[in-house]
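Written below as structure tokens is the structure these notes are about.
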Amino acid sequence: MQEQVFICEEALIDERLGKLKFAGFRDDVEDYLDPETGTSWELTLYTSEVLQKNIRLLQAMPRPGTADLINIALSSDSEDTVSGASMELCFREQGNNEQYREELLAGLERCAANGELSDKDKRRIQLVIFDAGLFSSANIRPVVGKHYTEIYADAAFFKDIAERSKKLLELLE
């Protein structure tokens with residue numbers, strides 16, 4: 001069985017933290033080290049407005065990539081994990097300019113296109129759209145040094161993502 005490297009379930013985090021040694025603080029992250037394997041771990045705290053609670057995220061280094069996070073958000077059975085992956089994607093975009101919106105939204109649209117949505121599918125779509133920030137049409141890409149046509153293209157991208165997200169949310173009603 002492959003070791004879990006992205007954990008958002010409270011009981012599993014507490015179990016794993018019991019095996020790790022605290023290594024210090026860095027910005028909003030707690031660093032840990034596995035004394036048996038030498039693997040570094042990061043513990044981050046996010047707040048999900050949809051779930052109305054804090055979500056702790058424990059992930060091994062190197063952190064899962066963007067494609068892995070998208071897969072986790074689209075396939076996990078745990079609401080906390082779906083939420084945690086979605087918020088981590090949003091955080092990485094803001095901090096490292098890691099793009100995820102188009103691929104993540106396309107995955108949600110594929111889910112919705114498969115016919116009748118289960119309550120679980122509806123909840124996943126809602127969690128991902130809000131916790132990944134897909135509903136916002138605000139252009140968060142840097143504008144300094146860009147030609148105005150690039151800025152307009154970026155704004156159009158975010159507007160399109162937001163409009164498509166709102167259409168998906170309308171399907172849930």
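Within each chain, counting starts at residue 1; across the structure tokens, chains are named A, B, ... in the order shown, with ligands numbered 1 upward in that order.
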
Residues within 6 Å of range 131-141 of chain A, only C-alpha atoms, excluding chain neighbours under 4 positions, as an mmCIF file with C-alpha atoms, in the first residue's frame:
data_model
loop_
_atom_site.group_PDB
_atom_site.id
_atom_site.type_symbol
_atom_site.label_atom_id
_atom_site.label_comp_id
_atom_site.auth_asym_id
_atom_site.auth_seq_id
_atom_site.Cartn_x
_atom_site.Cartn_y
_atom_site.Cartn_z
ATOM 1 C CA SER A 86 -8.985 23.073 -3.601
ATOM 2 C CA MET A 87 -7.665 25.645 -1.144
ATOM 3 C CA CYS A 90 -5.733 28.545 -4.793
ATOM 4 C CA LEU A 127 -16.841 22.747 -2.455
ATOM 5 C CA ALA A 155 -9.381 39.556 -17.182
ATOM 6 C CA PHE A 158 -11.062 34.949 -15.082
ATOM 7 C CA LYS A 159 -14.466 36.227 -16.200
ATOM 8 C CA ALA A 162 -16.377 32.589 -13.118
ATOM 9 C CA SER A 165 -18.590 28.124 -12.531
#

For this session: For range 1-17 of chain A, list every protein, DNA or RNA residue within 6 Å, evaluated using only C-alpha atoms, and leave out those in the same chain fewer than 4 positions away; present the list as a ChimeraX atom specification.
Result: /A:56-60,80-81

For the residues selected in the previous step, produce a file with C-alpha atoms as a PDB file, in the first residue's frame.
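To be explicit, this is the file written out as out37.pdb:
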ATOM      1  CA  ARG A  56      -5.656  21.163   8.513  1.00  0.00           C
ATOM      2  CA  LEU A  57      -3.531  19.934   5.633  1.00  0.00           C
ATOM      3  CA  LEU A  58      -0.496  17.725   6.222  1.00  0.00           C
ATOM      4  CA  GLN A  59       1.559  17.007   3.136  1.00  0.00           C
ATOM      5  CA  ALA A  60       4.892  15.311   2.521  1.00  0.00           C
ATOM      6  CA  ASP A  80     -12.157  17.761   4.036  1.00  0.00           C
ATOM      7  CA  THR A  81      -9.684  16.439   1.459  1.00  0.00           C
TER       8      THR A  81
END

For this session: Choose the residue, out of A:Asp68, A:Glu49, A:Glu170, A:Glu116, that has the smallest atom-to-atom separation from Leu104 in chain A; count only C-alpha atoms.
Result: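 Checking each candidate against Leu104 in chain A, we get A:Asp68 as the closest.
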
Problem set entry | Top pick for closest residue to Ala85 in chain A, considering A:Leu20, A:Ile55, A:Leu172, A:Ala113 and counting only C-alpha atoms |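 Closest candidate: A:Ile55.
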
For this session: From the DSSP assignment of the backbone, select every residue of chain A that is alpha helix (DSSP H), and format the answer as a count of residues only.
Result: 86

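Distances from A:Arg26, A:Gly18, A:Tyr148, A:Thr66 to Glu93 in chain A were compared using only C-alpha atoms, and the smallest one belongs to A:Thr66.
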
For this session: With a distance cut-off of 12 Å and only C-alpha atoms, select the neighbouring residues of Leu117 in chain A, excluding the residue or stretch itself and same-chain residues fewer than 3 positions from it, and output the selection as a PyMOL selection string.
Result: chain A and resi 108-114+120-125+168-169+171-173

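Minimum atom-to-atom distances from A:Gln99, A:Ser118, A:Thr149, A:Thr47 to Gly65 in chain A were compared using only C-alpha atoms, and the lowest value belongs to A:Gln99.
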
Exercise. Can you tell me how far CA of Arg63 in chain A sits from CA of Ser76 in chain A, in Å to one decimal?
Worked result: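 Calculated distance between CA of Arg63 in chain A and CA of Ser76 in chain A is 17.2 Å.
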
Taking only range 47-135 of chain A into account, list the residues labelled strand (DSSP E) by DSSP (computed from the backbone), as a compact mmCIF listing (two decimals) with N, CA and C atoms, in the first residue's frame.
# COMPACT_ATOMS: atom_id res chain seq x y z
N THR A 47 -9.18 27.79 6.02
CA THR A 47 -10.56 27.92 6.49
C THR A 47 -11.50 27.78 5.31
N SER A 48 -12.38 26.78 5.39
CA SER A 48 -13.37 26.55 4.35
C SER A 48 -14.66 27.24 4.75
N LYS A 53 -15.52 25.58 8.69
CA LYS A 53 -14.56 25.08 9.69
C LYS A 53 -13.14 25.20 9.13
N ASN A 54 -12.20 25.05 10.05
CA ASN A 54 -10.80 25.02 9.65
C ASN A 54 -10.46 23.64 9.11
N ILE A 55 -9.60 23.62 8.11
CA ILE A 55 -9.11 22.38 7.52
C ILE A 55 -7.60 22.35 7.70
N ARG A 56 -7.10 21.35 8.42
CA ARG A 56 -5.66 21.16 8.51
C ARG A 56 -5.21 20.30 7.35
N LEU A 57 -4.08 20.66 6.77
CA LEU A 57 -3.53 19.93 5.63
C LEU A 57 -2.10 19.55 5.98
N LEU A 58 -1.83 18.25 5.99
CA LEU A 58 -0.50 17.72 6.22
C LEU A 58 -0.04 17.07 4.92
N GLN A 59 1.08 17.56 4.39
CA GLN A 59 1.56 17.01 3.14
C GLN A 59 3.06 16.78 3.19
N ALA A 60 3.48 15.67 2.57
CA ALA A 60 4.89 15.31 2.52
C ALA A 60 5.60 16.13 1.46

For this session: Enter the distance from CA of Leu69 in chain A to CA of Ile161 in chain A, in Å, rounded to one decimal.
Result: 18.4 Å

Problem set entry | For Thr44 in chain A, the nearest of the candidates A:Glu88, A:Glu150, A:Lys21, A:Gln126, counting only C-alpha atoms |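 Residue with the minimum atom-to-atom distance to Thr44 in chain A: A:Glu88.
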
Exercise. Excluding same-chain residues fewer than 6 positions from Ile151 in chain A, what lies within 10 Å of it counting only C-alpha atoms, as a PyMOL selection string?
Worked result: chain A and resi 139+141-145+157

Exercise. Which residue out of A:Ala23, A:Val29, A:Leu45, A:Leu105 has the minimum interatomic distance to Asn71 in chain A when only C-alpha atoms are used?
Worked result: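 Checking each candidate against Asn71 in chain A, we get A:Leu105 as the closest.
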